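These notes are about the structure you will find just below.
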Amino acid sequence: MTEPHTDTPSPGSPGDGTPAEGAAPAARLAALAAALADETRAAICMTLLEGRAWTAGELARITSVAPSTVSGHLARLTEAGLCVTERQGRHSYVRVADAATARLLDELASYAIPDRDAAHAVPVVAAPDPLARARTCYDHFAGRLGMAVTDAMERRGLLRTEGVFELTEAGRRWCAEAGVSLLAAGRRPTASSCLDWTERRRHLGGVAGARLCARALDRGWVVRPAGGGRALEVTAVGEGALLDLLGITPEDWS
(Lines give C-alpha, C1' and ligand atoms only; values in the text may rest on other atoms or scores of the structure.)
Protein backbone atom coordinates (compact mmCIF):
# COMPACT_ATOMS: atom_id res chain seq x y z
CA MET A 1 0.00 0.00 0.00
CA THR A 2 1.26 3.47 -0.77
CA GLU A 3 2.90 5.60 1.90
CA PRO A 4 1.93 9.28 2.32
CA HIS A 5 4.33 11.98 1.15
CA THR A 6 6.92 12.87 3.77
CA ASP A 7 6.88 16.60 2.98
CA THR A 8 3.77 18.43 4.15
CA PRO A 9 2.93 21.66 2.29
CA SER A 10 1.19 24.42 4.19
CA PRO A 11 -2.63 24.40 4.00
CA GLY A 12 -3.90 25.85 0.75
CA SER A 13 -0.56 25.53 -1.01
CA PRO A 14 -0.15 23.49 -4.21
CA GLY A 15 -0.03 19.76 -3.56
CA ASP A 16 -1.47 19.63 -0.02
CA GLY A 17 -4.87 18.43 -1.22
CA THR A 18 -6.70 21.21 0.63
CA PRO A 19 -8.39 23.79 -1.62
CA ALA A 20 -7.80 27.41 -0.72
CA GLU A 21 -10.66 29.49 0.69
CA GLY A 22 -13.02 30.33 -2.14
CA ALA A 23 -11.54 27.70 -4.44
CA ALA A 24 -13.45 26.86 -7.60
CA PRO A 25 -15.84 23.87 -7.44
CA ALA A 26 -13.52 21.91 -9.72
CA ALA A 27 -10.63 22.43 -7.29
CA ARG A 28 -12.71 21.27 -4.36
CA LEU A 29 -13.83 18.17 -6.25
CA ALA A 30 -10.23 17.44 -7.22
CA ALA A 31 -9.15 17.79 -3.57
CA LEU A 32 -11.83 15.35 -2.46
CA ALA A 33 -10.81 12.86 -5.14
CA ALA A 34 -7.16 13.26 -4.14
CA ALA A 35 -8.02 12.45 -0.52
CA LEU A 36 -9.48 9.13 -1.67
CA ALA A 37 -6.77 8.38 -4.24
CA ASP A 38 -4.73 6.16 -1.95
CA GLU A 39 -5.26 2.47 -1.22
CA THR A 40 -4.74 2.83 2.53
CA ARG A 41 -7.13 5.76 2.83
CA ALA A 42 -9.67 3.87 0.71
CA ALA A 43 -9.33 0.87 3.05
CA ILE A 44 -9.89 3.14 6.05
CA CYS A 45 -13.04 4.53 4.45
CA MET A 46 -14.31 1.03 3.66
CA THR A 47 -13.77 0.07 7.29
CA LEU A 48 -15.56 3.17 8.57
CA LEU A 49 -18.53 2.34 6.33
CA GLU A 50 -19.41 -0.35 8.86
CA GLY A 51 -20.89 2.57 10.80
CA ARG A 52 -18.67 2.03 13.80
CA ALA A 53 -15.88 4.16 15.22
CA TRP A 54 -12.29 2.93 15.51
CA THR A 55 -9.09 4.08 17.17
CA ALA A 56 -6.09 5.00 15.03
CA GLY A 57 -4.24 1.96 16.41
CA GLU A 58 -7.03 -0.39 15.36
CA LEU A 59 -7.15 1.13 11.89
CA ALA A 60 -3.38 0.70 11.63
CA ARG A 61 -3.75 -3.02 12.36
CA ILE A 62 -6.71 -3.40 9.99
CA THR A 63 -4.87 -1.70 7.11
CA SER A 64 -1.47 -3.23 7.98
CA VAL A 65 0.42 0.05 8.12
CA ALA A 66 2.43 1.74 10.87
CA PRO A 67 0.51 3.87 13.42
CA SER A 68 2.45 6.95 12.33
CA THR A 69 1.45 6.29 8.74
CA VAL A 70 -2.23 5.81 9.49
CA SER A 71 -2.21 9.05 11.52
CA GLY A 72 -1.10 10.94 8.42
CA HIS A 73 -3.83 9.33 6.37
CA LEU A 74 -6.47 10.15 8.99
CA ALA A 75 -5.34 13.76 9.03
CA ARG A 76 -5.80 13.90 5.25
CA LEU A 77 -9.28 12.37 5.45
CA THR A 78 -10.25 14.72 8.26
CA GLU A 79 -9.05 17.77 6.32
CA ALA A 80 -11.19 16.62 3.41
CA GLY A 81 -14.23 16.40 5.69
CA LEU A 82 -14.66 12.66 5.17
CA CYS A 83 -14.16 11.62 8.78
CA VAL A 84 -14.17 13.15 12.25
CA THR A 85 -12.52 12.31 15.56
CA GLU A 86 -14.61 11.80 18.68
CA ARG A 87 -13.22 11.67 22.22
CA GLN A 88 -14.68 9.17 24.69
CA GLY A 89 -12.91 8.78 28.03
CA ARG A 90 -9.19 8.25 27.47
CA HIS A 91 -9.55 7.23 23.84
CA SER A 92 -10.12 9.02 20.54
CA TYR A 93 -12.23 7.32 17.89
CA VAL A 94 -12.56 8.00 14.17
CA ARG A 95 -15.85 7.73 12.29
CA VAL A 96 -17.43 8.83 9.01
CA ALA A 97 -18.30 12.52 9.23
CA ASP A 98 -22.05 12.15 8.67
CA ALA A 99 -24.75 10.20 6.86
CA ALA A 100 -24.33 12.14 3.62
CA THR A 101 -20.62 11.31 3.56
CA ALA A 102 -21.36 7.66 4.27
CA ARG A 103 -23.81 7.55 1.35
CA LEU A 104 -21.23 9.14 -0.94
CA LEU A 105 -18.53 6.65 0.06
CA ASP A 106 -20.95 3.74 -0.20
CA GLU A 107 -22.03 4.78 -3.71
CA LEU A 108 -18.42 5.21 -4.83
CA ALA A 109 -17.52 1.79 -3.45
CA SER A 110 -20.52 0.20 -5.14
CA TYR A 111 -19.61 1.87 -8.45
CA ALA A 112 -15.98 0.69 -8.21
CA ILE A 113 -16.95 -2.82 -7.05
CA PRO A 114 -20.08 -3.82 -9.00
CA ASP A 115 -20.55 -7.14 -7.19
CA ARG A 116 -20.23 -5.54 -3.76
CA ASP A 117 -23.40 -6.10 -1.71
CA ALA A 118 -22.28 -5.06 1.78
CA ALA A 119 -19.84 -2.82 3.55
CA HIS A 120 -16.31 -4.07 4.15
CA ALA A 121 -16.82 -6.35 7.15
CA VAL A 122 -14.44 -5.90 10.08
CA PRO A 123 -14.95 -7.71 13.39
CA VAL A 124 -15.62 -5.52 16.41
CA VAL A 125 -13.31 -5.94 19.37
CA ALA A 126 -14.94 -8.62 21.51
CA ALA A 127 -16.27 -7.80 24.97
CA PRO A 128 -17.36 -10.38 27.53
CA ASP A 129 -21.03 -11.21 27.70
CA PRO A 130 -23.29 -10.17 29.30
CA LEU A 131 -21.66 -6.70 29.21
CA ALA A 132 -21.66 -6.61 25.41
CA ARG A 133 -25.29 -7.72 25.33
CA ALA A 134 -26.85 -5.28 27.78
CA ARG A 135 -25.42 -2.93 30.41
CA THR A 136 -25.70 0.56 31.77
CA CYS A 137 -23.42 3.35 30.59
CA TYR A 138 -23.53 5.71 33.56
CA ASP A 139 -27.34 5.80 33.83
CA HIS A 140 -28.60 4.77 30.39
CA PHE A 141 -28.73 1.65 28.21
CA ALA A 142 -25.59 0.50 26.39
CA GLY A 143 -24.32 -2.54 24.53
CA ARG A 144 -26.46 -4.26 21.93
CA LEU A 145 -29.61 -3.45 23.93
CA GLY A 146 -28.74 0.25 23.92
CA MET A 147 -28.16 0.20 20.18
CA ALA A 148 -31.38 -1.76 19.56
CA VAL A 149 -33.37 0.88 21.46
CA THR A 150 -31.62 3.75 19.65
CA ASP A 151 -32.05 2.18 16.20
CA ALA A 152 -35.72 1.39 16.83
CA MET A 153 -36.42 4.96 17.97
CA GLU A 154 -34.73 6.31 14.85
CA ARG A 155 -36.64 3.94 12.54
CA ARG A 156 -39.94 4.96 14.09
CA GLY A 157 -39.23 8.67 13.72
CA LEU A 158 -38.90 9.22 17.46
CA LEU A 159 -35.26 10.25 17.43
CA ARG A 160 -33.04 12.18 15.04
CA THR A 161 -29.47 10.88 15.05
CA GLU A 162 -27.89 12.94 12.28
CA GLY A 163 -25.41 15.24 14.05
CA VAL A 164 -26.79 16.12 17.49
CA PHE A 165 -29.31 13.61 18.87
CA GLU A 166 -32.77 15.13 19.20
CA LEU A 167 -36.19 13.79 20.10
CA THR A 168 -38.89 14.53 17.55
CA GLU A 169 -42.35 15.68 18.56
CA ALA A 170 -43.47 12.09 18.05
CA GLY A 171 -40.60 11.02 20.31
CA ARG A 172 -41.73 13.35 23.08
CA ARG A 173 -45.28 12.01 22.83
CA TRP A 174 -43.91 8.46 22.88
CA CYS A 175 -41.97 9.21 26.07
CA ALA A 176 -45.08 10.61 27.74
CA GLU A 177 -47.12 7.53 26.77
CA ALA A 178 -44.33 5.20 27.96
CA GLY A 179 -44.10 6.97 31.33
CA VAL A 180 -40.64 8.38 30.59
CA SER A 181 -40.41 11.81 32.21
CA LEU A 182 -38.49 14.50 30.34
CA LEU A 183 -38.58 17.12 33.08
CA ALA A 184 -35.39 19.17 32.99
CA ALA A 185 -32.49 17.95 35.09
CA GLY A 186 -30.15 20.92 35.38
CA ARG A 187 -28.39 21.66 32.12
CA ARG A 188 -28.44 18.09 30.91
CA PRO A 189 -29.82 17.87 27.35
CA THR A 190 -33.07 16.04 26.74
CA ALA A 191 -31.28 13.74 24.30
CA SER A 192 -27.59 13.26 23.71
CA SER A 193 -25.33 10.72 22.05
CA CYS A 194 -22.73 8.54 23.71
CA LEU A 195 -20.21 6.40 21.86
CA ASP A 196 -20.68 2.76 22.81
CA TRP A 197 -17.31 1.16 23.56
CA THR A 198 -18.34 -2.32 22.40
CA GLU A 199 -20.62 -1.47 19.47
CA ARG A 200 -18.54 1.58 18.39
CA ARG A 201 -21.71 3.43 17.47
CA ARG A 202 -23.62 6.19 19.22
CA HIS A 203 -26.48 5.29 21.54
CA LEU A 204 -29.11 7.42 23.29
CA GLY A 205 -28.09 9.26 26.45
CA GLY A 206 -29.25 12.48 28.08
CA VAL A 207 -32.42 12.86 30.13
CA ALA A 208 -34.42 10.63 27.77
CA GLY A 209 -31.89 7.82 27.89
CA ALA A 210 -31.50 8.01 31.66
CA ARG A 211 -35.24 8.16 32.40
CA LEU A 212 -35.99 5.30 29.99
CA CYS A 213 -33.42 3.13 31.75
CA ALA A 214 -34.77 4.15 35.18
CA ARG A 215 -38.30 3.33 34.03
CA ALA A 216 -37.20 -0.09 32.80
CA LEU A 217 -35.49 -0.88 36.11
CA ASP A 218 -38.46 0.40 38.13
CA ARG A 219 -40.96 -1.67 36.13
CA GLY A 220 -38.81 -4.80 36.21
CA TRP A 221 -38.22 -4.81 32.45
CA VAL A 222 -34.52 -5.21 33.18
CA VAL A 223 -32.72 -6.38 36.32
CA ARG A 224 -29.15 -6.45 37.48
CA PRO A 225 -27.55 -9.88 38.02
CA ALA A 226 -27.08 -11.06 41.59
CA GLY A 227 -23.37 -10.29 41.42
CA GLY A 228 -24.03 -6.61 40.76
CA GLY A 229 -22.10 -4.52 38.29
CA ARG A 230 -23.27 -2.76 35.14
CA ALA A 231 -24.65 -5.78 33.29
CA LEU A 232 -28.41 -5.99 32.73
CA GLU A 233 -30.77 -8.87 32.06
CA VAL A 234 -34.01 -8.33 30.16
CA THR A 235 -36.89 -10.12 31.90
CA ALA A 236 -39.84 -11.83 30.22
CA VAL A 237 -41.96 -8.80 31.17
CA GLY A 238 -39.29 -6.57 29.63
CA GLU A 239 -39.28 -8.53 26.38
CA GLY A 240 -43.00 -7.92 26.05
CA ALA A 241 -42.66 -4.23 26.92
CA LEU A 242 -39.85 -3.63 24.43
CA LEU A 243 -41.79 -5.42 21.73
CA ASP A 244 -44.90 -3.34 22.41
CA LEU A 245 -43.07 -0.03 22.76
CA LEU A 246 -40.40 -0.31 20.07
CA GLY A 247 -40.98 -3.51 18.13
CA ILE A 248 -37.65 -5.04 19.16
CA THR A 249 -37.12 -8.68 20.14
CA PRO A 250 -34.37 -10.59 22.01
CA GLU A 251 -32.69 -11.31 18.67
CA ASP A 252 -31.95 -7.58 18.41
CA TRP A 253 -29.74 -7.56 21.50
CA SER A 254 -28.61 -11.18 21.85
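By order in the C-alpha coordinates, chains are A, B, ...; within a chain, residues start at 1; ligands start at 1, following the order shown.
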
Shell around segment 209-211 of chain A at 7 Å using only C-alpha atoms, local window under 2 positions removed, as JSON, numbers by chain: {"A": [139, 140, 141, 180, 181, 191, 204, 205, 206, 207, 213, 214, 215]}

File of the preceding selection, all heavy atoms, as a PDB file, in the first residue's frame:
```pdb
ATOM      1  N   ASP A 139     -25.965   6.030  33.390  1.00  0.00           N
ATOM      2  CA  ASP A 139     -27.343   5.797  33.833  1.00  0.00           C
ATOM      3  C   ASP A 139     -28.288   5.497  32.682  1.00  0.00           C
ATOM      4  O   ASP A 139     -29.501   5.627  32.812  1.00  0.00           O
ATOM      5  CB  ASP A 139     -27.855   7.013  34.612  1.00  0.00           C
ATOM      6  CG  ASP A 139     -27.769   8.309  33.808  1.00  0.00           C
ATOM      7  OD1 ASP A 139     -27.336   8.244  32.633  1.00  0.00           O
ATOM      8  OD2 ASP A 139     -28.103   9.377  34.353  1.00  0.00           O
ATOM      9  N   HIS A 140     -27.737   5.085  31.531  1.00  0.00           N
ATOM     10  CA  HIS A 140     -28.599   4.765  30.386  1.00  0.00           C
ATOM     11  C   HIS A 140     -28.164   3.453  29.747  1.00  0.00           C
ATOM     12  O   HIS A 140     -27.100   2.923  30.066  1.00  0.00           O
ATOM     13  CB  HIS A 140     -28.590   5.906  29.355  1.00  0.00           C
ATOM     14  CG  HIS A 140     -27.211   6.322  28.932  1.00  0.00           C
ATOM     15  ND1 HIS A 140     -26.508   7.320  29.567  1.00  0.00           N
ATOM     16  CD2 HIS A 140     -26.398   5.872  27.953  1.00  0.00           C
ATOM     17  CE1 HIS A 140     -25.320   7.466  28.988  1.00  0.00           C
ATOM     18  NE2 HIS A 140     -25.243   6.595  27.998  1.00  0.00           N
ATOM     19  N   PHE A 141     -29.003   2.931  28.847  1.00  0.00           N
ATOM     20  CA  PHE A 141     -28.726   1.646  28.214  1.00  0.00           C
ATOM     21  C   PHE A 141     -27.498   1.716  27.311  1.00  0.00           C
ATOM     22  O   PHE A 141     -27.272   2.704  26.619  1.00  0.00           O
ATOM     23  CB  PHE A 141     -29.908   1.194  27.354  1.00  0.00           C
ATOM     24  CG  PHE A 141     -31.121   0.769  28.132  1.00  0.00           C
ATOM     25  CD1 PHE A 141     -32.388   1.179  27.749  1.00  0.00           C
ATOM     26  CD2 PHE A 141     -31.000  -0.060  29.232  1.00  0.00           C
ATOM     27  CE1 PHE A 141     -33.513   0.778  28.437  1.00  0.00           C
ATOM     28  CE2 PHE A 141     -32.117  -0.473  29.941  1.00  0.00           C
ATOM     29  CZ  PHE A 141     -33.375  -0.046  29.545  1.00  0.00           C
ATOM     30  N   VAL A 180     -42.029   7.923  30.505  1.00  0.00           N
ATOM     31  CA  VAL A 180     -40.642   8.381  30.590  1.00  0.00           C
ATOM     32  C   VAL A 180     -40.652   9.901  30.743  1.00  0.00           C
ATOM     33  O   VAL A 180     -40.922  10.627  29.786  1.00  0.00           O
ATOM     34  CB  VAL A 180     -39.837   7.977  29.336  1.00  0.00           C
ATOM     35  CG1 VAL A 180     -38.421   8.512  29.395  1.00  0.00           C
ATOM     36  CG2 VAL A 180     -39.837   6.463  29.185  1.00  0.00           C
ATOM     37  N   SER A 181     -40.373  10.382  31.939  1.00  0.00           N
ATOM     38  CA  SER A 181     -40.411  11.814  32.210  1.00  0.00           C
ATOM     39  C   SER A 181     -39.247  12.532  31.542  1.00  0.00           C
ATOM     40  O   SER A 181     -38.110  12.053  31.563  1.00  0.00           O
ATOM     41  CB  SER A 181     -40.359  12.065  33.726  1.00  0.00           C
ATOM     42  OG  SER A 181     -40.199  13.436  34.002  1.00  0.00           O
ATOM     43  N   ALA A 191     -31.855  14.898  24.992  1.00  0.00           N
ATOM     44  CA  ALA A 191     -31.281  13.737  24.297  1.00  0.00           C
ATOM     45  C   ALA A 191     -29.836  14.060  23.955  1.00  0.00           C
ATOM     46  O   ALA A 191     -29.516  15.188  23.587  1.00  0.00           O
ATOM     47  CB  ALA A 191     -32.067  13.409  23.040  1.00  0.00           C
ATOM     48  N   LEU A 204     -28.352   6.343  22.655  1.00  0.00           N
ATOM     49  CA  LEU A 204     -29.107   7.424  23.287  1.00  0.00           C
ATOM     50  C   LEU A 204     -28.694   7.618  24.733  1.00  0.00           C
ATOM     51  O   LEU A 204     -28.697   6.680  25.530  1.00  0.00           O
ATOM     52  CB  LEU A 204     -30.605   7.114  23.211  1.00  0.00           C
ATOM     53  CG  LEU A 204     -31.532   8.099  23.932  1.00  0.00           C
ATOM     54  CD1 LEU A 204     -31.466   9.483  23.284  1.00  0.00           C
ATOM     55  CD2 LEU A 204     -32.962   7.570  23.945  1.00  0.00           C
ATOM     56  N   GLY A 205     -28.358   8.879  25.066  1.00  0.00           N
ATOM     57  CA  GLY A 205     -28.086   9.256  26.447  1.00  0.00           C
ATOM     58  C   GLY A 205     -28.969  10.429  26.823  1.00  0.00           C
ATOM     59  O   GLY A 205     -30.092  10.560  26.332  1.00  0.00           O
ATOM     60  N   GLY A 206     -28.477  11.317  27.666  1.00  0.00           N
ATOM     61  CA  GLY A 206     -29.250  12.481  28.076  1.00  0.00           C
ATOM     62  C   GLY A 206     -30.385  12.111  29.012  1.00  0.00           C
ATOM     63  O   GLY A 206     -30.462  10.995  29.540  1.00  0.00           O
ATOM     64  N   VAL A 207     -31.286  13.086  29.228  1.00  0.00           N
ATOM     65  CA  VAL A 207     -32.418  12.858  30.127  1.00  0.00           C
ATOM     66  C   VAL A 207     -33.288  11.715  29.623  1.00  0.00           C
ATOM     67  O   VAL A 207     -33.692  10.835  30.394  1.00  0.00           O
ATOM     68  CB  VAL A 207     -33.261  14.147  30.264  1.00  0.00           C
ATOM     69  CG1 VAL A 207     -34.525  13.877  31.088  1.00  0.00           C
ATOM     70  CG2 VAL A 207     -32.447  15.259  30.912  1.00  0.00           C
ATOM     71  N   CYS A 213     -34.089   4.203  31.013  1.00  0.00           N
ATOM     72  CA  CYS A 213     -33.421   3.125  31.751  1.00  0.00           C
ATOM     73  C   CYS A 213     -33.996   3.010  33.165  1.00  0.00           C
ATOM     74  O   CYS A 213     -34.246   1.904  33.653  1.00  0.00           O
ATOM     75  CB  CYS A 213     -31.922   3.400  31.794  1.00  0.00           C
ATOM     76  SG  CYS A 213     -30.953   2.097  32.584  1.00  0.00           S
ATOM     77  N   ALA A 214     -34.206   4.157  33.831  1.00  0.00           N
ATOM     78  CA  ALA A 214     -34.774   4.147  35.178  1.00  0.00           C
ATOM     79  C   ALA A 214     -36.176   3.541  35.171  1.00  0.00           C
ATOM     80  O   ALA A 214     -36.543   2.782  36.080  1.00  0.00           O
ATOM     81  CB  ALA A 214     -34.807   5.562  35.735  1.00  0.00           C
ATOM     82  N   ARG A 215     -36.953   3.879  34.153  1.00  0.00           N
ATOM     83  CA  ARG A 215     -38.304   3.326  34.025  1.00  0.00           C
ATOM     84  C   ARG A 215     -38.260   1.810  33.857  1.00  0.00           C
ATOM     85  O   ARG A 215     -39.042   1.078  34.466  1.00  0.00           O
ATOM     86  CB  ARG A 215     -38.997   3.971  32.816  1.00  0.00           C
ATOM     87  CG  ARG A 215     -40.387   3.445  32.484  1.00  0.00           C
ATOM     88  CD  ARG A 215     -41.400   3.889  33.496  1.00  0.00           C
ATOM     89  NE  ARG A 215     -42.762   3.640  33.040  1.00  0.00           N
ATOM     90  CZ  ARG A 215     -43.820   3.704  33.840  1.00  0.00           C
ATOM     91  NH1 ARG A 215     -43.670   4.017  35.114  1.00  0.00           N
ATOM     92  NH2 ARG A 215     -45.031   3.464  33.371  1.00  0.00           N
TER      93      ARG A 215
END
```

If you run DSSP on this backbone, which residues of segment 2-247 of chain A come out as alpha helix (DSSP H), and could you give them as a PyMOL selection string? chain A and resi 25-36+39-48+56-63+67-79+99-112+143-155+169-177+206-219+236-246

Counting only C-alpha atoms, what is within 7 Å of Ala43 of chain A, bar same-chain residues fewer than 4 positions away, as a count of residues only? 3

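Checking A:Arg61, A:His73, A:Asp244, A:Ala24 one by one against Ala178 of chain A, counting only C-alpha atoms, you find the shortest gap at A:Asp244.
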
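Among the candidates A:Ala148, A:Ala170, A:Ala208, A:Cys137, the residue lying nearest to Leu183 of chain A is A:Ala208 (atoms considered: only C-alpha atoms).
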
Near segment 100-109 of chain A, within 7 Å and counting only C-alpha atoms, which residues show up once chain neighbours fewer than 4 positions away are dropped, as an mmCIF file with N, CA, C and O atoms, in the first residue's frame?
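And here is the file that came out, result.cif:
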```cif
data_model
loop_
_atom_site.group_PDB
_atom_site.id
_atom_site.type_symbol
_atom_site.label_atom_id
_atom_site.label_comp_id
_atom_site.auth_asym_id
_atom_site.auth_seq_id
_atom_site.Cartn_x
_atom_site.Cartn_y
_atom_site.Cartn_z
ATOM 1 N N LEU A 49 -17.181 2.508 6.860
ATOM 2 C CA LEU A 49 -18.531 2.340 6.334
ATOM 3 C C LEU A 49 -19.350 1.323 7.127
ATOM 4 O O LEU A 49 -20.565 1.240 6.963
ATOM 5 N N LEU A 82 -14.095 13.998 5.343
ATOM 6 C CA LEU A 82 -14.658 12.662 5.172
ATOM 7 C C LEU A 82 -14.830 11.926 6.494
ATOM 8 O O LEU A 82 -15.663 11.026 6.604
ATOM 9 N N VAL A 96 -17.008 8.071 10.196
ATOM 10 C CA VAL A 96 -17.426 8.829 9.015
ATOM 11 C C VAL A 96 -18.088 10.116 9.489
ATOM 12 O O VAL A 96 -18.817 10.128 10.490
ATOM 13 N N ILE A 113 -16.895 -1.371 -7.270
ATOM 14 C CA ILE A 113 -16.953 -2.818 -7.046
ATOM 15 C C ILE A 113 -18.379 -3.262 -7.342
ATOM 16 O O ILE A 113 -19.222 -3.360 -6.448
#
```

Compare A:Met153, A:Ala216, A:Val234, A:Ala184 by their minimum atom-to-atom distance to Leu246 of chain A, counting only C-alpha atoms, and give me the closest one. A:Met153

Proximity to Trp253 of chain A - best of A:Arg144, A:Arg76, A:Arg87, A:Arg28, only C-alpha atoms: A:Arg144

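The shortest atom-to-atom distance to Cys175 of chain A, with only C-alpha atoms taken into account, belongs to A:Leu245 out of A:Glu79, A:Arg224, A:Leu245, A:Tyr111.
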
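Among the candidates A:Leu59, A:Leu131, A:Leu29, A:Val149, the residue lying nearest to Ile44 of chain A is A:Leu59 (atoms considered: only C-alpha atoms).
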
Please identify all polymer residues within 12 Å of Asp252 of chain A, counting only C-alpha atoms, omitting same-chain residues fewer than 6 positions from it, and present them as a PyMOL selection string. chain A and resi 133-134+143-152+234+239+242-243+246

Work out how far atom CA of Tyr93 of chain A is from atom CA of Pro189 of chain A, in Å to one decimal. 22.6 Å
